[in-house]
$ cat upload_36.cif   # mmCIF, C-alpha atoms
data_target
loop_
_atom_site.group_PDB
_atom_site.id
_atom_site.type_symbol
_atom_site.label_atom_id
_atom_site.label_comp_id
_atom_site.auth_asym_id
_atom_site.auth_seq_id
_atom_site.Cartn_x
_atom_site.Cartn_y
_atom_site.Cartn_z
ATOM 1 C CA MET Y 84 116.382 113.042 146.138
ATOM 2 C CA THR Y 85 120.080 113.817 145.879
ATOM 3 C CA VAL Y 86 121.529 117.311 146.044
ATOM 4 C CA THR Y 87 125.060 118.650 146.079
ATOM 5 C CA GLY Y 88 126.065 121.799 147.858
ATOM 6 C CA GLU Y 89 127.953 123.484 150.637
ATOM 7 C CA ILE Y 90 127.237 122.558 154.263
ATOM 8 C CA LEU Y 91 126.068 125.637 156.157
ATOM 9 C CA ASP Y 92 125.985 126.687 159.762
ATOM 10 C CA MET Y 93 122.428 128.009 159.613
ATOM 11 C CA GLY Y 94 122.909 130.480 162.462
ATOM 12 C CA CYS Y 95 125.664 132.496 160.817
ATOM 13 C CA PHE Y 96 124.265 132.024 157.319
ATOM 14 C CA THR Y 97 120.793 133.208 158.237
ATOM 15 C CA SER Y 98 121.940 136.168 160.307
ATOM 16 C CA HIS Y 99 124.917 137.408 158.284
ATOM 17 C CA GLY Y 100 125.056 135.361 155.086
ATOM 18 C CA LEU Y 101 128.363 133.845 156.205
ATOM 19 C CA ARG Y 102 129.641 130.754 154.410
ATOM 20 C CA GLY Y 103 132.669 129.432 152.541
ATOM 21 C CA THR Y 104 136.145 128.365 153.555
ATOM 22 C CA VAL Y 105 136.989 131.546 155.474
ATOM 23 C CA HIS Y 106 134.063 130.855 157.795
ATOM 24 C CA ARG Y 107 134.836 127.154 158.262
ATOM 25 C CA PRO Y 108 136.355 127.315 161.784
ATOM 26 C CA CYS Y 109 133.352 129.197 163.156
ATOM 27 C CA ALA Y 110 130.881 126.959 161.339
ATOM 28 C CA THR Y 111 132.614 123.795 162.566
ATOM 29 C CA GLN Y 112 132.384 124.993 166.162
ATOM 30 C CA CYS Y 113 128.766 126.094 165.771
ATOM 31 C CA LEU Y 114 127.667 122.794 164.248
ATOM 32 C CA ALA Y 115 129.516 120.810 166.895
ATOM 33 C CA VAL Y 116 127.389 122.327 169.673
ATOM 34 C CA GLY Y 117 124.030 121.937 167.995
ATOM 35 C CA VAL Y 118 123.405 124.958 165.786
ATOM 36 C CA PRO Y 119 121.080 123.834 162.962
ATOM 37 C CA MET Y 120 122.746 122.723 159.747
ATOM 38 C CA GLY Y 121 121.851 123.474 156.161
ATOM 39 C CA LEU Y 122 123.026 122.994 152.619
ATOM 40 C CA ILE Y 123 123.107 125.543 149.805
ATOM 41 C CA THR Y 124 123.180 124.336 146.219
ATOM 42 C CA ALA Y 125 124.698 125.930 143.141
ATOM 43 C CA ASP Y 126 121.367 127.556 142.321
ATOM 44 C CA SER Y 127 121.230 129.068 145.850
ATOM 45 C CA THR Y 128 118.467 126.796 147.106
ATOM 46 C CA VAL Y 129 118.820 126.318 150.856
ATOM 47 C CA TYR Y 130 117.833 123.075 152.579
ATOM 48 C CA THR Y 131 117.748 122.548 156.316
ATOM 49 C CA LEU Y 132 119.297 119.178 157.099
ATOM 50 C CA THR Y 133 117.871 116.823 159.676
ATOM 51 C CA GLU Y 134 118.661 113.503 161.219
ATOM 52 C CA ASN Y 135 116.788 110.476 159.892
ATOM 53 C CA HIS Y 136 113.657 110.059 162.004
ATOM 54 C CA ASP Y 137 114.063 106.333 162.609
ATOM 55 C CA ARG Y 138 117.686 106.763 163.655
ATOM 56 C CA ALA Y 139 116.714 109.591 166.024
ATOM 57 C CA MET Y 140 114.098 107.364 167.662
ATOM 58 C CA ALA Y 141 116.384 104.354 168.054
ATOM 59 C CA PRO Y 142 120.047 105.300 167.473
ATOM 60 C CA SER Y 143 121.390 101.958 168.654
ATOM 61 C CA ASN Y 144 119.585 100.129 165.852
ATOM 62 C CA PHE Y 145 121.742 101.808 163.222
ATOM 63 C CA PRO Y 146 125.403 101.004 162.633
ATOM 64 C CA PRO Y 147 127.894 103.815 162.121
ATOM 65 C CA PRO Y 148 128.695 105.930 160.285
ATOM 66 C CA ASN Y 149 125.859 108.346 160.834
ATOM 67 C CA PRO Y 150 125.674 110.457 157.651
ATOM 68 C CA TYR Y 151 123.989 113.358 159.443
ATOM 69 C CA ALA Y 152 126.724 113.444 162.088
ATOM 70 C CA GLN Y 153 129.314 113.248 159.320
ATOM 71 C CA CYS Y 154 127.816 116.361 157.746
ATOM 72 C CA ARG Y 155 128.289 118.218 161.034
ATOM 73 C CA SER Y 156 132.036 117.769 160.673
ATOM 74 C CA TRP Y 157 132.053 118.862 157.024
ATOM 75 C CA ALA Y 158 131.176 122.534 157.424
ATOM 76 C CA SER Y 159 131.808 124.576 154.256
ATOM 77 C CA PHE Y 160 132.716 121.542 152.178
ATOM 78 C CA GLN Y 161 130.879 120.494 149.035
ATOM 79 C CA ILE Y 162 128.838 117.438 149.975
ATOM 80 C CA GLU Y 163 126.436 115.215 148.091
ATOM 81 C CA VAL Y 164 123.440 114.444 150.293
ATOM 82 C CA SER Y 165 120.668 111.953 149.585
ATOM 83 C CA GLY Y 166 117.459 111.688 151.527
ATOM 84 C CA PHE Y 167 113.792 112.550 151.797
ATOM 85 C CA LEU Y 168 112.624 116.099 151.191
ATOM 86 C CA TRP Y 169 109.786 117.592 153.241
ATOM 87 C CA GLU Y 170 108.382 121.064 152.876
ATOM 88 C CA ARG Y 171 106.067 123.202 154.988
ATOM 89 C CA LYS Y 172 105.710 126.963 155.532
ATOM 90 C CA GLY Y 173 108.433 127.638 152.960
ATOM 91 C CA VAL Y 174 111.020 125.485 154.728
ATOM 92 C CA LYS Y 175 112.791 122.816 152.681
ATOM 93 C CA TYR Y 176 113.753 120.067 155.065
ATOM 94 C CA LEU Y 177 116.081 117.305 153.921
ATOM 95 C CA GLU Y 178 116.256 114.114 155.988
ATOM 96 C CA VAL Y 179 119.797 112.856 155.537
ATOM 97 C CA LEU Y 180 120.071 109.188 154.601
ATOM 98 C CA ALA Y 181 123.473 109.277 152.906
ATOM 99 C CA ALA Y 182 126.238 111.823 152.494
ATOM 100 C CA LYS Y 183 129.624 111.875 150.848
ATOM 101 C CA PRO Y 184 132.128 114.514 149.738
ATOM 102 C CA ALA Y 185 131.432 115.826 146.264
ATOM 103 C CA ALA Y 186 134.113 116.543 143.674
ATOM 104 C CA PRO Y 187 137.216 118.138 145.235
ATOM 105 C CA ALA Y 188 136.403 121.729 146.135
ATOM 106 C CA GLU Y 189 139.839 122.597 147.450
ATOM 107 C CA PRO Y 190 143.182 123.156 145.734
ATOM 108 C CA PRO Y 191 145.629 120.247 145.841
ATOM 109 C CA GLY Y 192 147.290 119.915 149.223
ATOM 110 C CA THR Y 193 144.300 121.097 151.242
ATOM 111 C CA PRO Y 194 143.026 118.368 153.520
ATOM 112 C CA GLY Y 195 139.601 117.141 152.604
ATOM 113 C CA PRO Y 196 136.718 116.538 154.982
ATOM 114 C CA ALA Y 197 137.872 114.658 158.037
ATOM 115 C CA PRO Y 198 136.123 111.452 158.969
ATOM 116 C CA ALA Y 199 133.205 112.055 161.303
ATOM 117 C CA LYS Y 200 133.876 111.598 165.004
ATOM 118 C CA ARG Y 201 130.497 110.103 165.663
ATOM 119 C CA MET F 36 172.569 188.529 120.906
ATOM 120 C CA ASN F 37 170.287 191.108 122.366
ATOM 121 C CA ARG F 38 168.361 190.875 125.624
ATOM 122 C CA PHE F 39 165.260 189.460 123.860
ATOM 123 C CA GLY F 40 167.325 186.671 122.315
ATOM 124 C CA TRP F 41 168.829 185.583 125.675
ATOM 125 C CA LYS F 42 165.310 185.513 127.149
ATOM 126 C CA MET F 43 164.130 183.179 124.406
ATOM 127 C CA VAL F 44 167.106 180.860 124.894
ATOM 128 C CA GLY F 45 166.361 180.742 128.641
ATOM 129 C CA ARG F 46 162.713 179.868 128.038
ATOM 130 C CA ILE F 47 163.621 177.096 125.590
ATOM 131 C CA LEU F 48 166.127 175.611 128.067
ATOM 132 C CA ALA F 49 163.533 175.739 130.880
ATOM 133 C CA ALA F 50 161.009 173.981 128.639
ATOM 134 C CA PHE F 51 163.566 171.224 127.840
ATOM 135 C CA LEU F 52 164.367 170.868 131.537
ATOM 136 C CA LEU F 53 160.684 170.409 132.460
ATOM 137 C CA LEU F 54 160.227 167.937 129.608
ATOM 138 C CA ALA F 55 163.235 165.897 130.782
ATOM 139 C CA ILE F 56 161.908 165.791 134.360
ATOM 140 C CA ALA F 57 158.497 164.644 133.159
ATOM 141 C CA LEU F 58 159.974 161.891 130.982
ATOM 142 C CA GLY F 59 162.292 160.773 133.782
ATOM 143 C CA ALA F 60 159.351 160.204 136.074
ATOM 144 C CA GLY F 61 157.767 158.172 133.264
ATOM 145 C CA PRO F 62 154.899 155.882 134.113
ATOM 146 C CA GLN F 63 155.539 156.350 137.816
ATOM 147 C CA ALA F 64 154.306 159.916 137.615
ATOM 148 C CA ARG F 65 151.113 160.221 139.613
ATOM 149 C CA VAL F 66 148.482 162.764 140.174
ATOM 150 C CA LYS F 67 149.173 164.603 143.383
ATOM 151 C CA GLY F 68 147.199 163.044 146.210
ATOM 152 C CA SER F 69 146.832 159.574 144.762
ATOM 153 C CA GLN F 70 148.235 156.670 146.740
ATOM 154 C CA PRO F 71 150.559 154.092 145.289
ATOM 155 C CA ALA F 72 149.140 150.608 145.109
ATOM 156 C CA ALA F 73 149.967 148.566 148.195
ATOM 157 C CA PRO F 74 152.322 145.657 147.558
ATOM 158 C CA PRO F 75 150.655 142.272 147.732
ATOM 159 C CA ALA F 76 150.537 141.069 151.310
ATOM 160 C CA LYS F 77 152.898 138.247 152.064
ATOM 161 C CA SER F 78 151.068 135.238 153.355
ATOM 162 C CA SER F 79 151.895 131.623 153.807
ATOM 163 C CA GLN F 80 148.345 130.685 152.853
ATOM 164 C CA PRO F 81 146.936 131.040 149.367
ATOM 165 C CA ALA F 82 143.814 133.091 148.942
ATOM 166 C CA ALA F 83 140.684 131.122 149.696
ATOM 167 C CA PRO F 84 139.187 129.803 146.481
ATOM 168 C CA PRO F 85 135.636 130.813 145.790
ATOM 169 C CA ALA F 86 133.196 128.226 147.015
ATOM 170 C CA LYS F 87 131.682 126.133 144.278
ATOM 171 C CA GLY F 88 128.245 127.044 143.172
ATOM 172 C CA GLY F 89 129.070 130.462 141.786
ATOM 173 C CA GLN F 90 129.030 132.145 145.187
ATOM 174 C CA PRO F 91 132.001 134.038 146.583
ATOM 175 C CA ALA F 92 133.445 132.530 149.741
ATOM 176 C CA ALA F 93 131.863 133.968 152.881
ATOM 177 C CA ALA F 94 130.846 137.277 151.416
ATOM 178 C CA PRO F 95 129.552 139.124 154.468
ATOM 179 C CA GLU F 96 126.075 140.462 154.085
ATOM 180 C CA THR F 97 123.939 142.755 156.164
ATOM 181 C CA SER F 98 122.756 141.274 159.426
ATOM 182 C CA ASN F 99 119.014 141.024 159.876
ATOM 183 C CA ARG F 100 119.285 139.810 163.488
ATOM 184 C CA HIS F 101 116.778 141.477 165.769
ATOM 185 C CA TYR F 102 115.339 140.852 169.223
ATOM 186 C CA VAL F 103 111.879 139.308 169.471
ATOM 187 C CA MET F 104 109.510 137.970 172.128
ATOM 188 C CA VAL F 105 107.038 135.352 170.964
ATOM 189 C CA ARG F 106 104.499 132.968 172.448
ATOM 190 C CA GLY F 107 104.016 129.575 170.909
ATOM 191 C CA GLU F 108 104.361 125.830 171.116
ATOM 192 C CA ILE F 109 107.746 124.162 170.951
ATOM 193 C CA VAL F 110 107.580 121.562 168.212
ATOM 194 C CA ASP F 111 109.724 118.725 167.020
ATOM 195 C CA TYR F 112 110.655 120.363 163.736
ATOM 196 C CA TYR F 113 110.768 117.141 161.732
ATOM 197 C CA CYS F 114 107.382 115.755 162.664
ATOM 198 C CA TYR F 115 105.765 119.156 162.330
ATOM 199 C CA ILE F 116 107.141 119.714 158.829
ATOM 200 C CA GLU F 117 106.543 116.178 157.648
ATOM 201 C CA LYS F 118 103.127 115.495 159.190
ATOM 202 C CA GLY F 119 102.020 118.712 160.891
ATOM 203 C CA TYR F 120 102.143 117.032 164.322
ATOM 204 C CA THR F 121 101.805 119.292 167.365
ATOM 205 C CA GLY F 122 100.295 118.999 170.832
ATOM 206 C CA GLN F 123 100.385 116.637 173.769
ATOM 207 C CA PHE F 124 99.504 113.505 171.788
ATOM 208 C CA HIS F 125 102.854 113.817 170.003
ATOM 209 C CA LYS F 126 104.920 114.825 173.035
ATOM 210 C CA ALA F 127 106.546 111.420 173.658
ATOM 211 C CA CYS F 128 107.734 111.125 170.047
ATOM 212 C CA GLY F 129 108.870 114.764 170.040
ATOM 213 C CA LEU F 130 110.999 114.346 173.153
ATOM 214 C CA ARG F 131 112.743 111.321 171.671
ATOM 215 C CA CYS F 132 113.247 113.074 168.340
ATOM 216 C CA VAL F 133 114.986 116.137 169.786
ATOM 217 C CA ALA F 134 117.057 113.914 172.086
ATOM 218 C CA GLY F 135 118.158 112.156 168.899
ATOM 219 C CA ASP F 136 119.504 115.397 167.369
ATOM 220 C CA ILE F 137 116.434 116.531 165.464
ATOM 221 C CA CYS F 138 115.905 120.290 165.405
ATOM 222 C CA MET F 139 113.315 122.127 167.478
ATOM 223 C CA GLY F 140 111.024 124.869 166.324
ATOM 224 C CA ILE F 141 108.451 127.201 167.770
ATOM 225 C CA LEU F 142 105.046 127.540 166.173
ATOM 226 C CA THR F 143 103.852 130.952 167.301
ATOM 227 C CA THR F 144 100.276 131.849 168.127
ATOM 228 C CA ASP F 145 100.091 133.837 164.881
ATOM 229 C CA GLY F 146 101.150 130.798 162.827
ATOM 230 C CA ALA F 147 104.802 131.633 162.152
ATOM 231 C CA LEU F 148 107.350 128.829 162.345
ATOM 232 C CA TYR F 149 110.890 129.465 163.593
ATOM 233 C CA MET F 150 113.672 126.966 163.997
ATOM 234 C CA LEU F 151 115.406 127.242 167.373
ATOM 235 C CA SER F 152 119.134 127.631 167.746
ATOM 236 C CA VAL F 153 121.622 128.032 170.547
ATOM 237 C CA ASN F 154 122.968 131.538 171.180
ATOM 238 C CA HIS F 155 126.030 132.154 169.007
ATOM 239 C CA LEU F 156 128.283 133.390 171.822
ATOM 240 C CA ARG F 157 127.444 130.319 173.884
ATOM 241 C CA ALA F 158 128.079 128.083 170.878
ATOM 242 C CA MET F 159 131.506 129.579 170.322
ATOM 243 C CA ASP F 160 132.606 129.382 173.958
ATOM 244 C CA PRO F 161 130.445 126.909 175.893
ATOM 245 C CA LEU F 162 132.840 126.799 178.870
ATOM 246 C CA ALA F 163 132.352 130.510 179.523
ATOM 247 C CA PHE F 164 128.621 129.842 180.010
ATOM 248 C CA LYS F 165 129.070 126.667 182.033
ATOM 249 C CA THR F 166 127.433 128.088 185.156
ATOM 250 C CA ILE F 167 124.600 129.854 183.325
ATOM 251 C CA PRO F 168 121.472 127.804 182.552
ATOM 252 C CA ASP F 169 121.020 127.229 178.821
ATOM 253 C CA PRO F 170 117.476 128.145 177.707
ATOM 254 C CA PHE F 171 117.997 126.239 174.444
ATOM 255 C CA THR F 172 118.555 123.020 176.401
ATOM 256 C CA THR F 173 115.526 123.852 178.540
ATOM 257 C CA CYS F 174 113.434 123.920 175.353
ATOM 258 C CA ARG F 175 114.437 120.312 174.619
ATOM 259 C CA GLY F 176 112.425 119.208 177.627
ATOM 260 C CA TRP F 177 109.446 121.395 176.806
ATOM 261 C CA ILE F 178 108.295 119.887 173.522
ATOM 262 C CA ALA F 179 104.529 120.409 173.060
ATOM 263 C CA GLU F 180 104.490 123.073 175.799
ATOM 264 C CA THR F 181 103.321 126.626 175.171
ATOM 265 C CA VAL F 182 106.093 129.018 176.138
ATOM 266 C CA ASP F 183 107.069 132.667 176.124
ATOM 267 C CA LEU F 184 110.373 132.759 174.312
ATOM 268 C CA SER F 185 112.701 135.666 173.608
ATOM 269 C CA GLY F 186 115.834 135.858 171.544
ATOM 270 C CA PHE F 187 117.355 137.040 168.305
ATOM 271 C CA ALA F 188 115.363 136.318 165.167
ATOM 272 C CA MET F 189 116.815 136.209 161.684
ATOM 273 C CA GLU F 190 115.589 135.196 158.268
ATOM 274 C CA ARG F 191 117.205 134.346 154.952
ATOM 275 C CA LYS F 192 115.958 132.415 151.926
ATOM 276 C CA GLY F 193 112.787 131.351 153.694
ATOM 277 C CA GLN F 194 114.580 130.016 156.756
ATOM 278 C CA LYS F 195 113.531 131.660 160.023
ATOM 279 C CA ILE F 196 115.626 131.076 163.125
ATOM 280 C CA ILE F 197 115.513 132.332 166.710
ATOM 281 C CA GLU F 198 118.625 132.182 168.894
ATOM 282 C CA VAL F 199 117.045 131.389 172.251
ATOM 283 C CA MET F 200 118.014 133.840 175.018
ATOM 284 C CA ASP F 201 115.215 133.147 177.481
ATOM 285 C CA VAL F 202 112.256 130.811 177.775
ATOM 286 C CA LYS F 203 109.522 130.267 180.357
ATOM 287 C CA LYS F 204 106.142 128.558 180.458
ATOM 288 C CA ALA F 205 103.460 130.829 179.032
ATOM 289 C CA SER F 206 101.369 132.730 181.528
ATOM 290 C CA GLY F 207 99.403 135.954 181.551
ATOM 291 C CA ALA F 208 99.299 138.276 178.585
ATOM 292 C CA PRO F 209 101.364 137.380 175.513
ATOM 293 C CA PRO F 210 104.850 138.913 175.571
ATOM 294 C CA SER F 211 105.412 142.095 173.647
ATOM 295 C CA LEU F 212 108.318 144.398 173.010
ATOM 296 C CA THR F 213 105.994 147.380 173.128
ATOM 297 C CA PRO F 214 104.935 148.632 176.571
ATOM 298 C CA PRO F 215 101.314 147.974 177.560
ATOM 299 C CA PRO F 216 98.909 150.864 177.019
ATOM 300 C CA VAL F 217 98.496 153.187 179.993
ATOM 301 C CA ALA F 218 95.011 153.013 181.474
ATOM 302 C CA PRO F 219 93.234 156.382 181.402
ATOM 303 C CA ARG F 220 92.830 158.066 184.760
ATOM 304 C CA SER F 221 89.289 158.064 186.057
#
$ encode --input "upload_36.cif" --output "structure tokens"
Amino acid sequence: MTVTGEILDMGCFTSHGLRGTVHRPCATQCLAVGVPMGLITADSTVYTLTENHDRAMAPSNFPPPNPYAQCRSWASFQIEVSGFLWERKGVKYLEVLAAKPAAPAEPPGTPGPAPAKR
Amino acid sequence: MNRFGWKMVGRILAAFLLLAIALGAGPQARVKGSQPAAPPAKSSQPAAPPAKGGQPAAAPETSNRHYVMVRGEIVDYYCYIEKGYTGQFHKACGLRCVAGDICMGILTTDGALYMLSVNHLRAMDPLAFKTIPDPFTTCRGWIAETVDLSGFAMERKGQKIIEVMDVKKASGAPPSLTPPPVAPRS
């Protein structure tokens, strides 16, 4: 499935509902050190994002870029994510297979998502 | 003109004077006690546009973060959600999964599932905690183990998360925030 939405730092979103551009610096730092990542769509559906299972088991078999790692550097941006959806105990879990910036969410002049470091 | 006439002229002049003062103040006249509107703050940055999706940008909401102590098995979140895998038979896969950046969770003895997260203060300033063992990292090596875990739990839109503050291998009675009952004196 493919969904478009804002990349969330799940820690701050779940505890305080924080999201959006004003929270981007905090979310970027949180995601960089391993806080779980999510995505919220226009209809307020929240998905928890996860690394592709095969890539997690054998990272060296997959060439860069890693779309899941790219998402970690795109906190608070609108991103289109494609992958497999799993669900259990009310959790929607999206295994990221591809990701790219969605339509420009920022006013002209604002830098877009930076290329992923990993 | 008699005294009554001069009084009337004085009253009319006073009324005109008050009317002129009121008109002079014009639209700036305010009710006593009200505050004038603050001028727009000067800023080099434009106001943050609302995030797409109809939601305002970072609207703060009430925190639901609260301290909990739970007992349960640390699971590789992916394999548990996809296939329901838990236990020792899946330990080798689970360890490789979490080493490969897949989330961890804890499946409590009462069947609740929480995703595990690093403490927010530690996440924001890892260097300040450099000398303090990280219980979240400890959990990465304890996949498929039953542990007593404490930390801050929060929940929103079906997502349950615990920020790990402490973890140890399970032993003795299950952890509880309430003190154990006092045995009656014999």
$ resolve_selection --input "upload_36.cif" --expression "the PyMOL selection byres ((chain Y and resi 158) around 8)" --output "VMD selection string"
chain Y and resid 89 to 92 107 110 to 111 114 154 to 157 159 to 160
$ resolve_selection --input "upload_36.cif" --expression "the PyMOL selection byres ((chain Y) within 9 of (chain F))" --output "NGL selection string"
:Y and (88-89 or 93-106 or 109 or 112-119 or 123-131 or 133-142 or 159-161 or 168-176 or 178 or 188-190)
$ atom_distance --input "upload_36.cif" --atom1 "atom CA of Ala186 of chain Y" --atom2 "atom CA of Gln153 of chain Y"
16.7 Å
$ resolve_selection --input "upload_36.cif" --expression "the PyMOL selection byres ((chain F and resi 200-203) around 7)" --output "number ranges by chain"
F: 154, 170, 182-186, 198-199, 204-205
$ atom_distance --input "upload_36.cif" --atom1 "atom CA of Leu132 of chain Y" --atom2 "atom CA of Gly140 of chain F"
13.6 Å
$ atom_distance --input "upload_36.cif" --atom1 "atom CA of Ala182 of chain Y" --atom2 "atom CA of Val164 of chain Y"
4.4 Å
$ closest_residue --input "upload_36.cif" --among "F:Ala208, F:Leu142, F:Ile178, F:Met43" --to "Phe124 of chain F" --atoms "all atoms listed in the file"
F:Ile178
$ residues_around --input "upload_36.cif" --residues "Thr85 of chain Y" --least-positions-apart "4" --cutoff "8 Å" --atoms "only C-alpha atoms" --output "ChimeraX atom specification"
/Y:163-166
$ axis_aligned_box --input "upload_36.cif" --around "segment 195-213 of chain F" --padding-each-side "5 Å" --output "lines of an AutoDock Vina configuration file"
center_x = 109.0
center_y = 138.0
center_z = 170.8
size_x = 29.3
size_y = 28.8
size_z = 31.5
